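coords-v4.cif (mmCIF, C-alpha atoms; chains and numbers go by the auth columns) appears below.
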data_structure
loop_
_atom_site.group_PDB
_atom_site.id
_atom_site.type_symbol
_atom_site.label_atom_id
_atom_site.label_comp_id
_atom_site.label_asym_id
_atom_site.label_seq_id
_atom_site.Cartn_x
_atom_site.Cartn_y
_atom_site.Cartn_z
_atom_site.B_iso_or_equiv
_atom_site.auth_seq_id
_atom_site.auth_asym_id
ATOM 1 C CA MET A 1 101.992 101.172 71.594 0.00 1396 A
ATOM 2 C CA ASN A 2 98.437 102.028 70.658 0.00 1397 A
ATOM 3 C CA ILE A 3 97.390 105.242 72.348 0.00 1398 A
ATOM 4 C CA ASN A 4 94.580 107.106 70.670 0.00 1399 A
ATOM 5 C CA THR A 5 92.767 108.978 73.398 0.00 1400 A
ATOM 6 C CA SER A 6 92.551 112.642 74.333 0.00 1401 A
ATOM 7 C CA ALA A 7 95.149 114.371 76.484 0.00 1402 A
ATOM 8 C CA LYS A 8 92.361 115.331 78.884 0.00 1403 A
ATOM 9 C CA THR A 9 91.344 111.689 79.406 0.00 1404 A
ATOM 10 C CA GLU A 10 94.957 110.632 79.919 0.00 1405 A
ATOM 11 C CA THR A 11 95.491 113.422 82.466 0.00 1406 A
ATOM 12 C CA TRP A 12 92.420 112.394 84.478 0.00 1407 A
ATOM 13 C CA LEU A 13 93.447 108.740 84.380 0.00 1408 A
ATOM 14 C CA TRP A 14 96.994 109.626 85.475 0.00 1409 A
ATOM 15 C CA LEU A 15 95.577 111.702 88.359 0.00 1410 A
ATOM 16 C CA GLY A 16 93.126 108.947 89.335 0.00 1411 A
ATOM 17 C CA GLN A 17 95.948 106.410 89.339 0.00 1412 A
ATOM 18 C CA ARG A 18 98.130 108.568 91.613 0.00 1413 A
ATOM 19 C CA LEU A 19 95.360 109.625 94.020 0.00 1414 A
ATOM 20 C CA SER A 20 94.174 106.028 94.405 0.00 1415 A
ATOM 21 C CA ALA A 21 97.819 104.986 94.890 0.00 1416 A
ATOM 22 C CA VAL A 22 98.160 107.354 97.860 0.00 1417 A
ATOM 23 C CA VAL A 23 95.018 105.932 99.512 0.00 1418 A
ATOM 24 C CA LEU A 24 96.133 102.372 98.691 0.00 1419 A
ATOM 25 C CA ALA A 25 99.580 102.973 100.189 0.00 1420 A
ATOM 26 C CA VAL A 26 97.904 103.385 103.592 0.00 1421 A
ATOM 27 C CA CYS A 27 95.374 100.576 102.995 0.00 1422 A
ATOM 28 C CA VAL A 28 98.023 98.044 101.888 0.00 1423 A
ATOM 29 C CA VAL A 29 100.270 98.747 104.899 0.00 1424 A
ATOM 30 C CA VAL A 30 97.283 98.154 107.228 0.00 1425 A
ATOM 31 C CA HIS A 31 96.296 95.052 105.192 0.00 1426 A
ATOM 32 C CA ILE A 32 99.782 93.492 105.344 0.00 1427 A
ATOM 33 C CA VAL A 33 100.152 94.161 109.085 0.00 1428 A
ATOM 34 C CA THR A 34 96.636 92.760 109.686 0.00 1429 A
ATOM 35 C CA MET A 35 97.436 89.639 107.644 0.00 1430 A
ATOM 36 C CA ILE A 36 100.630 89.005 109.599 0.00 1431 A
ATOM 37 C CA PHE A 37 98.827 89.313 112.955 0.00 1432 A
ATOM 38 C CA ALA A 38 95.638 87.517 111.859 0.00 1433 A
ATOM 39 C CA MET A 39 97.657 84.531 110.612 0.00 1434 A
ATOM 40 C CA ARG A 40 99.301 84.046 114.010 0.00 1435 A
ATOM 41 C CA GLY A 41 96.466 82.060 115.543 0.00 1436 A
ATOM 42 C CA GLY A 42 95.359 80.518 112.246 0.00 1437 A
ATOM 43 C CA LEU A 43 92.484 81.704 110.064 0.00 1438 A
ATOM 44 C CA SER A 44 88.893 80.443 110.152 0.00 1439 A
ATOM 45 C CA THR A 45 85.479 81.737 109.119 0.00 1440 A
ATOM 46 C CA GLY A 46 84.737 82.402 112.803 0.00 1441 A
ATOM 47 C CA GLU A 47 87.992 84.348 113.269 0.00 1442 A
ATOM 48 C CA ILE A 48 87.286 86.509 110.184 0.00 1443 A
ATOM 49 C CA ALA A 49 83.668 87.134 111.223 0.00 1444 A
ATOM 50 C CA GLY A 50 84.747 87.938 114.791 0.00 1445 A
ATOM 51 C CA ARG A 51 87.346 90.415 113.584 0.00 1446 A
ATOM 52 C CA VAL A 52 85.462 92.330 110.859 0.00 1447 A
ATOM 53 C CA GLY A 53 81.795 91.414 111.437 0.00 1448 A
ATOM 54 C CA GLY A 54 79.702 94.283 112.824 0.00 1449 A
ATOM 55 C CA ASN A 55 82.732 96.576 112.938 0.00 1450 A
ATOM 56 C CA VAL A 56 82.022 99.949 111.289 0.00 1451 A
ATOM 57 C CA TRP A 57 85.724 100.861 111.153 0.00 1452 A
ATOM 58 C CA TRP A 58 86.635 97.741 109.136 0.00 1453 A
ATOM 59 C CA LEU A 59 83.538 98.292 106.961 0.00 1454 A
ATOM 60 C CA THR A 60 84.711 101.834 106.155 0.00 1455 A
ATOM 61 C CA PHE A 61 88.333 100.771 105.714 0.00 1456 A
ATOM 62 C CA TYR A 62 87.648 97.847 103.361 0.00 1457 A
ATOM 63 C CA GLY A 63 84.977 99.895 101.506 0.00 1458 A
ATOM 64 C CA LEU A 64 87.585 102.573 100.822 0.00 1459 A
ATOM 65 C CA PHE A 65 90.121 99.861 99.946 0.00 1460 A
ATOM 66 C CA VAL A 66 87.784 98.279 97.362 0.00 1461 A
ATOM 67 C CA LEU A 67 86.888 101.655 95.802 0.00 1462 A
ATOM 68 C CA SER A 68 90.574 102.615 95.506 0.00 1463 A
ATOM 69 C CA VAL A 69 91.484 99.244 93.951 0.00 1464 A
ATOM 70 C CA SER A 70 88.574 99.581 91.498 0.00 1465 A
ATOM 71 C CA VAL A 71 90.169 102.825 90.245 0.00 1466 A
ATOM 72 C CA HIS A 72 93.843 101.817 90.501 0.00 1467 A
ATOM 73 C CA ALA A 73 93.905 98.299 89.014 0.00 1468 A
ATOM 74 C CA PRO A 74 91.933 98.947 85.788 0.00 1469 A
ATOM 75 C CA ILE A 75 93.975 102.083 84.972 0.00 1470 A
ATOM 76 C CA GLY A 76 97.201 100.130 85.539 0.00 1471 A
ATOM 77 C CA ILE A 77 96.050 97.194 83.396 0.00 1472 A
ATOM 78 C CA ARG A 78 94.956 99.682 80.724 0.00 1473 A
ATOM 79 C CA ALA A 79 98.448 101.204 80.603 0.00 1474 A
ATOM 80 C CA VAL A 80 100.080 97.770 80.312 0.00 1475 A
ATOM 81 C CA LEU A 81 97.677 96.629 77.564 0.00 1476 A
ATOM 82 C CA LEU A 82 98.041 99.895 75.614 0.00 1477 A
ATOM 83 C CA GLU A 83 101.819 99.689 75.705 0.00 1478 A
ATOM 84 C CA SER A 84 102.245 96.000 74.993 0.00 1479 A
ATOM 85 C CA THR A 85 99.346 94.753 72.855 0.00 1480 A
ATOM 86 C CA PRO A 86 97.897 95.734 69.462 0.00 1481 A
ATOM 87 C CA ILE A 87 94.336 95.829 70.882 0.00 1482 A
ATOM 88 C CA SER A 88 92.535 99.122 70.151 0.00 1483 A
ATOM 89 C CA ALA A 89 92.403 101.761 72.899 0.00 1484 A
ATOM 90 C CA ARG A 90 88.596 101.692 72.713 0.00 1485 A
ATOM 91 C CA ARG A 91 88.407 97.953 73.428 0.00 1486 A
ATOM 92 C CA ILE A 92 90.997 98.179 76.167 0.00 1487 A
ATOM 93 C CA GLY A 93 89.050 101.043 77.752 0.00 1488 A
ATOM 94 C CA LEU A 94 85.847 99.001 77.678 0.00 1489 A
ATOM 95 C CA LEU A 95 87.559 95.901 79.097 0.00 1490 A
ATOM 96 C CA CYS A 96 89.087 97.907 81.935 0.00 1491 A
ATOM 97 C CA MET A 97 85.792 99.612 82.753 0.00 1492 A
ATOM 98 C CA ILE A 98 84.151 96.177 83.040 0.00 1493 A
ATOM 99 C CA PHE A 99 87.027 95.028 85.272 0.00 1494 A
ATOM 100 C CA GLY A 100 86.604 98.118 87.489 0.00 1495 A
ATOM 101 C CA LEU A 101 82.844 97.563 87.780 0.00 1496 A
ATOM 102 C CA PHE A 102 83.457 93.878 88.612 0.00 1497 A
ATOM 103 C CA ILE A 103 85.758 94.888 91.489 0.00 1498 A
ATOM 104 C CA ILE A 104 83.247 97.457 92.820 0.00 1499 A
ATOM 105 C CA VAL A 105 80.232 95.106 92.650 0.00 1500 A
ATOM 106 C CA PHE A 106 81.838 91.942 94.039 0.00 1501 A
ATOM 107 C CA GLY A 107 84.199 93.805 96.383 0.00 1502 A
ATOM 108 C CA ILE A 108 81.490 95.911 98.037 0.00 1503 A
ATOM 109 C CA LYS A 109 79.219 92.846 98.156 0.00 1504 A
ATOM 110 C CA ALA A 110 81.947 90.944 100.046 0.00 1505 A
ATOM 111 C CA VAL A 111 82.687 93.875 102.381 0.00 1506 A
ATOM 112 C CA ILE A 112 78.988 94.359 103.292 0.00 1507 A
ATOM 113 C CA GLY A 113 78.461 90.593 103.573 0.00 1508 A
ATOM 114 C CA LEU A 114 81.373 90.222 106.000 0.00 1509 A
ATOM 115 C CA TYR A 115 80.098 93.183 108.051 0.00 1510 A
ATOM 116 C CA GLN A 116 76.650 91.607 108.252 0.00 1511 A
ATOM 117 C CA LEU A 117 78.096 88.348 109.622 0.00 1512 A
ATOM 118 C CA GLY A 118 78.390 90.231 112.910 0.00 1513 A
ATOM 119 C CA PRO A 119 80.729 89.289 115.733 0.00 1514 A
ATOM 120 C CA VAL A 120 80.647 85.566 116.484 0.00 1515 A
ATOM 121 C CA MET B 1 123.683 94.689 68.491 0.00 679 B
ATOM 122 C CA LYS B 2 121.497 97.535 69.686 0.00 680 B
ATOM 123 C CA LYS B 3 122.668 98.949 72.985 0.00 681 B
ATOM 124 C CA THR B 4 119.918 99.175 75.596 0.00 682 B
ATOM 125 C CA ASN B 5 119.797 100.738 79.032 0.00 683 B
ATOM 126 C CA ARG B 6 117.946 97.840 80.558 0.00 684 B
ATOM 127 C CA ASN B 7 120.641 96.373 82.736 0.00 685 B
ATOM 128 C CA HIS B 8 119.970 98.837 85.541 0.00 686 B
ATOM 129 C CA PRO B 9 118.266 98.278 88.926 0.00 687 B
ATOM 130 C CA THR B 10 115.597 100.887 88.158 0.00 688 B
ATOM 131 C CA TYR B 11 114.663 99.059 84.922 0.00 689 B
ATOM 132 C CA TRP B 12 114.207 95.813 86.866 0.00 690 B
ATOM 133 C CA ALA B 13 112.216 97.776 89.457 0.00 691 B
ATOM 134 C CA PHE B 14 109.977 99.088 86.649 0.00 692 B
ATOM 135 C CA LEU B 15 109.515 95.548 85.298 0.00 693 B
ATOM 136 C CA LEU B 16 108.757 94.153 88.758 0.00 694 B
ATOM 137 C CA HIS B 17 106.194 96.930 89.340 0.00 695 B
ATOM 138 C CA ARG B 18 104.457 96.059 86.063 0.00 696 B
ATOM 139 C CA LEU B 19 104.530 92.297 86.631 0.00 697 B
ATOM 140 C CA SER B 20 103.418 92.504 90.270 0.00 698 B
ATOM 141 C CA GLY B 21 100.589 94.868 89.255 0.00 699 B
ATOM 142 C CA VAL B 22 99.296 92.483 86.570 0.00 700 B
ATOM 143 C CA LEU B 23 99.576 89.409 88.823 0.00 701 B
ATOM 144 C CA LEU B 24 97.861 91.174 91.740 0.00 702 B
ATOM 145 C CA ALA B 25 95.051 92.372 89.438 0.00 703 B
ATOM 146 C CA MET B 26 94.593 88.760 88.268 0.00 704 B
ATOM 147 C CA PHE B 27 94.449 87.634 91.899 0.00 705 B
ATOM 148 C CA ILE B 28 91.646 90.077 92.853 0.00 706 B
ATOM 149 C CA PRO B 29 88.753 87.939 91.449 0.00 707 B
ATOM 150 C CA VAL B 30 90.143 84.848 93.242 0.00 708 B
ATOM 151 C CA HIS B 31 90.458 86.790 96.498 0.00 709 B
ATOM 152 C CA LEU B 32 86.908 88.149 96.221 0.00 710 B
ATOM 153 C CA TYR B 33 85.577 84.652 95.473 0.00 711 B
ATOM 154 C CA VAL B 34 87.278 83.188 98.565 0.00 712 B
ATOM 155 C CA LEU B 35 85.961 86.081 100.694 0.00 713 B
ATOM 156 C CA SER B 36 82.442 85.499 99.382 0.00 714 B
ATOM 157 C CA LEU B 37 82.641 81.925 100.747 0.00 715 B
ATOM 158 C CA ALA B 38 82.659 83.379 104.275 0.00 716 B
ATOM 159 C CA ILE B 39 79.186 84.722 103.527 0.00 717 B
ATOM 160 C CA THR B 40 77.717 81.929 101.413 0.00 718 B
ATOM 161 C CA ASP B 41 79.468 78.759 102.623 0.00 719 B
ATOM 162 C CA GLY B 42 81.497 79.009 105.844 0.00 720 B
ATOM 163 C CA ALA B 43 82.265 75.273 105.874 0.00 721 B
ATOM 164 C CA ALA B 44 83.799 75.460 102.384 0.00 722 B
ATOM 165 C CA LEU B 45 85.917 78.442 103.468 0.00 723 B
ATOM 166 C CA ASP B 46 87.133 76.554 106.550 0.00 724 B
ATOM 167 C CA THR B 47 88.119 73.606 104.344 0.00 725 B
ATOM 168 C CA PHE B 48 89.987 76.022 102.059 0.00 726 B
ATOM 169 C CA LEU B 49 91.693 77.737 105.017 0.00 727 B
ATOM 170 C CA ARG B 50 92.823 74.385 106.428 0.00 728 B
ATOM 171 C CA TRP B 51 94.272 73.531 103.004 0.00 729 B
ATOM 172 C CA SER B 52 96.033 76.917 102.987 0.00 730 B
ATOM 173 C CA THR B 53 98.110 75.897 106.033 0.00 731 B
ATOM 174 C CA THR B 54 100.043 73.304 103.987 0.00 732 B
ATOM 175 C CA PRO B 55 103.702 74.313 103.488 0.00 733 B
ATOM 176 C CA MET B 56 103.399 74.716 99.690 0.00 734 B
ATOM 177 C CA VAL B 57 100.384 77.054 99.961 0.00 735 B
ATOM 178 C CA LYS B 58 102.116 79.027 102.738 0.00 736 B
ATOM 179 C CA VAL B 59 105.093 79.576 100.429 0.00 737 B
ATOM 180 C CA LEU B 60 102.772 80.673 97.594 0.00 738 B
ATOM 181 C CA GLU B 61 100.869 83.020 99.930 0.00 739 B
ATOM 182 C CA SER B 62 104.156 84.491 101.141 0.00 740 B
ATOM 183 C CA GLY B 63 105.043 85.058 97.473 0.00 741 B
ATOM 184 C CA LEU B 64 101.787 86.977 97.076 0.00 742 B
ATOM 185 C CA VAL B 65 102.606 89.089 100.144 0.00 743 B
ATOM 186 C CA ILE B 66 106.050 89.840 98.642 0.00 744 B
ATOM 187 C CA LEU B 67 104.382 90.854 95.358 0.00 745 B
ATOM 188 C CA LEU B 68 101.933 93.117 97.211 0.00 746 B
ATOM 189 C CA ALA B 69 104.702 94.671 99.317 0.00 747 B
ATOM 190 C CA ALA B 70 106.906 95.073 96.224 0.00 748 B
ATOM 191 C CA HIS B 71 104.086 96.855 94.372 0.00 749 B
ATOM 192 C CA LEU B 72 103.512 99.070 97.428 0.00 750 B
ATOM 193 C CA THR B 73 107.146 100.022 97.991 0.00 751 B
ATOM 194 C CA GLY B 74 107.808 100.333 94.250 0.00 752 B
ATOM 195 C CA GLY B 75 104.735 102.567 93.959 0.00 753 B
ATOM 196 C CA LEU B 76 105.906 104.778 96.823 0.00 754 B
ATOM 197 C CA ARG B 77 109.272 105.096 95.067 0.00 755 B
ATOM 198 C CA LEU B 78 107.485 106.168 91.873 0.00 756 B
ATOM 199 C CA LEU B 79 105.310 108.692 93.737 0.00 757 B
ATOM 200 C CA ALA B 80 108.453 110.164 95.322 0.00 758 B
ATOM 201 C CA LEU B 81 110.086 110.283 91.877 0.00 759 B
ATOM 202 C CA GLU B 82 107.127 112.127 90.358 0.00 760 B
ATOM 203 C CA PHE B 83 106.132 114.463 93.177 0.00 761 B
ATOM 204 C CA CYS B 84 109.266 115.098 95.235 0.00 762 B
ATOM 205 C CA ALA B 85 112.583 116.727 94.442 0.00 763 B
ATOM 206 C CA TRP B 86 115.071 114.574 92.512 0.00 764 B
ATOM 207 C CA MET B 87 117.002 112.104 94.673 0.00 765 B
ATOM 208 C CA SER B 88 120.449 110.990 93.615 0.00 766 B
ATOM 209 C CA TRP B 89 120.053 107.684 95.496 0.00 767 B
ATOM 210 C CA GLN B 90 117.620 105.921 93.150 0.00 768 B
ATOM 211 C CA LYS B 91 119.437 102.605 93.336 0.00 769 B
ATOM 212 C CA THR B 92 119.368 102.770 97.138 0.00 770 B
ATOM 213 C CA ALA B 93 115.608 103.425 96.999 0.00 771 B
ATOM 214 C CA VAL B 94 115.223 100.276 94.863 0.00 772 B
ATOM 215 C CA ALA B 95 117.288 98.293 97.368 0.00 773 B
ATOM 216 C CA ILE B 96 115.179 99.599 100.302 0.00 774 B
ATOM 217 C CA SER B 97 111.978 98.658 98.415 0.00 775 B
ATOM 218 C CA ALA B 98 113.285 95.149 97.763 0.00 776 B
ATOM 219 C CA GLY B 99 114.450 94.706 101.365 0.00 777 B
ATOM 220 C CA LEU B 100 111.122 95.832 102.850 0.00 778 B
ATOM 221 C CA SER B 101 109.173 93.577 100.467 0.00 779 B
ATOM 222 C CA LEU B 102 111.217 90.506 101.358 0.00 780 B
ATOM 223 C CA ALA B 103 110.941 91.374 105.063 0.00 781 B
ATOM 224 C CA ALA B 104 107.127 91.576 104.780 0.00 782 B
ATOM 225 C CA GLY B 105 107.028 88.180 103.035 0.00 783 B
ATOM 226 C CA LEU B 106 109.304 86.618 105.641 0.00 784 B
ATOM 227 C CA LEU B 107 107.277 88.035 108.550 0.00 785 B
ATOM 228 C CA PHE B 108 104.100 86.682 106.961 0.00 786 B
ATOM 229 C CA PHE B 109 105.664 83.252 106.391 0.00 787 B
ATOM 230 C CA LEU B 110 106.980 83.010 109.947 0.00 788 B
ATOM 231 C CA ASN B 111 103.605 83.996 111.436 0.00 789 B
ATOM 232 C CA ALA B 112 101.455 81.846 109.135 0.00 790 B
ATOM 233 C CA GLY B 113 99.656 79.329 111.311 0.00 791 B
#
Go ahead and render the structure in this file as structure tokens.
Amino acid sequence: MNINTSAKTETWLWLGQRLSAVVLAVCVVVHIVTMIFAMRGGLSTGEIAGRVGGNVWWLTFYGLFVLSVSVHAPIGIRAVLLESTPISARRIGLLCMIFGLFIIVFGIKAVIGLYQLGPV
Amino acid sequence: MKKTNRNHPTYWAFLLHRLSGVLLAMFIPVHLYVLSLAITDGAALDTFLRWSTTPMVKVLESGLVILLAAHLTGGLRLLALEFCAWMSWQKTAVAISAGLSLAAGLLFFLNAG
């Protein structure tokens, strides 16, 4: 284990992990149910565009989903790396921040792009 | 030999939560790339989606759904452990989590076109 950060930082990260987990609990249930129903008739670009394109509710939902994942996943990976590798906490923190930014940038880009496809 | 407390359902639940979390995090870039195809190259996405209907890919996708459901139900169990009053039925909670995860994977597999 290689933890060398302040108690304040750890507390905020713990809180961020739990708050994002609560939001994700709802998002993942909706996502799994949607996947099961969407797969019924087979998936295609047209089906995806017709379902989420131009729909403000899906835009808001997936936007919130991406933001929550961008908080939750990097903090989780950070905990695993801190506890099981000899890499310094500083480097792990940097790596996880880059990972979080990657999810926000490419996730929001995908969400907005799918919204802009509009209903087919 | 050092005695450990690892042979317990809640230890395996902890391990599964860790492993599923890491694997799902690794899957995020792949998922975002495939989604981006819908915007940049619809024909390529359709080719990919047709490929994803093969039995082997369906099984792998169902595995991913099980991992996601296992991380969800395992996470809810952890939230209950941290924020609610102590429950004496921890092993039952693990069993419920596992059952719901497998059910989600099975439902996905049976509905996959």
Given the PyMOL selection byres ((chain A) within 9 of (chain B)), the residues it picks as an MDAnalysis selection string: chainID A and resid 1413 1416:1417 1419:1420 1423:1424 1427:1428 1430:1441 1443:1444 1464 1468:1469 1471:1472 1475 1497:1498 1501:1502 1504:1506 1508:1509 1511:1512
Would you compute the distance between CA of Ala758 (chain B) and CA of Tyr1457 (chain A)? Give it in Å to one decimal.
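These two atoms are separated by 25.5 Å.
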All file atoms of region 721-736 of chain B boxed axis-aligned, 3 Å per side, centre plus edges, as JSON:
{"center_x": 93.0, "center_y": 76.2, "center_z": 103.1, "size_x": 27.4, "size_y": 11.7, "size_z": 12.9}
Compare A:Thr1406, A:Asn1450, A:Ser1415, A:Ser1479 by their minimum atom-to-atom distance to Val1466 (chain A), counting only C-alpha atoms, and give me the closest one.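 Using only C-alpha atoms, Val1466 (chain A) sits closest to A:Ser1415.
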One decimal, in Å: what's the spacing between CA of His1467 (chain A) and CA of Ser766 (chain B)?
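Distance between the two atoms: 28.3 Å.
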Any idea what's packed within 12 Å of Arg755 (chain B), counting all atoms listed in the file, ignoring anything in its chain fewer than 4 positions away? Could you give it as a PyMOL selection string? (chain A and resi 1416-1417+1420) or (chain B and resi 688+691-692+695+748-751+759-762+764-765+767-776)
Separating CA of Val1447 (chain A) from CA of Ile1470 (chain A), to the nearest tenth of an Å, is a gap of 28.9 Å
Write out as an mmCIF file with C-alpha atoms, in the frame of the given file each polymer residue whose atoms come within 8 Å of Thr1400 (chain A), counting only C-alpha atoms; drop sequence neighbours fewer than 4 positions from it.
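Final output, around.cif:
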data_model
loop_
_atom_site.group_PDB
_atom_site.id
_atom_site.type_symbol
_atom_site.label_atom_id
_atom_site.label_comp_id
_atom_site.auth_asym_id
_atom_site.auth_seq_id
_atom_site.Cartn_x
_atom_site.Cartn_y
_atom_site.Cartn_z
ATOM 1 C CA THR A 1404 91.344 111.689 79.406
ATOM 2 C CA GLU A 1405 94.957 110.632 79.919
ATOM 3 C CA ALA A 1484 92.403 101.761 72.899
#
Missing atoms of region 705-729 of chain B rebuilt to N, CA and C atoms, written as an mmCIF file, keeping the file's coordinate frame:
data_model
loop_
_atom_site.group_PDB
_atom_site.id
_atom_site.type_symbol
_atom_site.label_atom_id
_atom_site.label_comp_id
_atom_site.auth_asym_id
_atom_site.auth_seq_id
_atom_site.Cartn_x
_atom_site.Cartn_y
_atom_site.Cartn_z
ATOM 1 N N PHE B 705 94.780 88.318 90.644
ATOM 2 C CA PHE B 705 94.449 87.634 91.899
ATOM 3 C C PHE B 705 93.162 88.190 92.540
ATOM 4 N N ILE B 706 92.807 89.433 92.213
ATOM 5 C CA ILE B 706 91.646 90.077 92.853
ATOM 6 C C ILE B 706 90.359 89.231 92.738
ATOM 7 N N PRO B 707 89.987 88.747 91.527
ATOM 8 C CA PRO B 707 88.753 87.939 91.449
ATOM 9 C C PRO B 707 88.809 86.687 92.328
ATOM 10 N N VAL B 708 89.986 86.045 92.410
ATOM 11 C CA VAL B 708 90.143 84.848 93.242
ATOM 12 C C VAL B 708 89.933 85.221 94.719
ATOM 13 N N HIS B 709 90.559 86.326 95.118
ATOM 14 C CA HIS B 709 90.458 86.790 96.498
ATOM 15 C C HIS B 709 89.006 87.106 96.859
ATOM 16 N N LEU B 710 88.306 87.784 95.950
ATOM 17 C CA LEU B 710 86.908 88.149 96.221
ATOM 18 C C LEU B 710 86.029 86.902 96.286
ATOM 19 N N TYR B 711 86.347 85.896 95.446
ATOM 20 C CA TYR B 711 85.577 84.652 95.473
ATOM 21 C C TYR B 711 85.754 83.949 96.825
ATOM 22 N N VAL B 712 87.010 83.860 97.280
ATOM 23 C CA VAL B 712 87.278 83.188 98.565
ATOM 24 C C VAL B 712 86.587 83.939 99.706
ATOM 25 N N LEU B 713 86.626 85.288 99.657
ATOM 26 C CA LEU B 713 85.961 86.081 100.694
ATOM 27 C C LEU B 713 84.454 85.836 100.689
ATOM 28 N N SER B 714 83.890 85.688 99.486
ATOM 29 C CA SER B 714 82.442 85.499 99.382
ATOM 30 C C SER B 714 82.016 84.173 100.021
ATOM 31 N N LEU B 715 82.959 83.211 100.115
ATOM 32 C CA LEU B 715 82.641 81.925 100.747
ATOM 33 C C LEU B 715 82.305 82.110 102.230
ATOM 34 N N ALA B 716 82.932 83.120 102.858
ATOM 35 C CA ALA B 716 82.659 83.379 104.275
ATOM 36 C C ALA B 716 81.185 83.720 104.479
ATOM 37 N N ILE B 717 80.580 84.298 103.434
ATOM 38 C CA ILE B 717 79.186 84.722 103.527
ATOM 39 C C ILE B 717 78.247 83.594 103.080
ATOM 40 N N THR B 718 78.644 82.914 101.989
ATOM 41 C CA THR B 718 77.717 81.929 101.413
ATOM 42 C C THR B 718 77.927 80.503 101.934
ATOM 43 N N ASP B 719 79.183 80.147 102.245
ATOM 44 C CA ASP B 719 79.468 78.759 102.623
ATOM 45 C C ASP B 719 80.682 78.699 103.565
ATOM 46 N N GLY B 720 80.421 78.962 104.844
ATOM 47 C CA GLY B 720 81.497 79.009 105.844
ATOM 48 C C GLY B 720 82.289 77.713 105.940
ATOM 49 N N ALA B 721 81.584 76.576 105.778
ATOM 50 C CA ALA B 721 82.265 75.273 105.874
ATOM 51 C C ALA B 721 83.275 75.115 104.743
ATOM 52 N N ALA B 722 82.892 75.549 103.537
ATOM 53 C CA ALA B 722 83.799 75.460 102.384
ATOM 54 C C ALA B 722 85.018 76.354 102.602
ATOM 55 N N LEU B 723 84.786 77.538 103.202
ATOM 56 C CA LEU B 723 85.917 78.442 103.468
ATOM 57 C C LEU B 723 86.855 77.822 104.502
ATOM 58 N N ASP B 724 86.288 77.204 105.531
ATOM 59 C CA ASP B 724 87.133 76.554 106.550
ATOM 60 C C ASP B 724 87.970 75.428 105.948
ATOM 61 N N THR B 725 87.365 74.668 105.032
ATOM 62 C CA THR B 725 88.119 73.606 104.344
ATOM 63 C C THR B 725 89.270 74.232 103.548
ATOM 64 N N PHE B 726 88.965 75.320 102.842
ATOM 65 C CA PHE B 726 89.987 76.022 102.059
ATOM 66 C C PHE B 726 91.096 76.555 102.968
ATOM 67 N N LEU B 727 90.702 77.149 104.099
ATOM 68 C CA LEU B 727 91.693 77.737 105.017
ATOM 69 C C LEU B 727 92.587 76.673 105.650
ATOM 70 N N ARG B 728 92.001 75.483 105.893
ATOM 71 C CA ARG B 728 92.823 74.385 106.428
ATOM 72 C C ARG B 728 93.853 73.954 105.382
ATOM 73 N N TRP B 729 93.374 73.889 104.110
ATOM 74 C CA TRP B 729 94.272 73.531 103.004
ATOM 75 C C TRP B 729 95.397 74.566 102.865
#
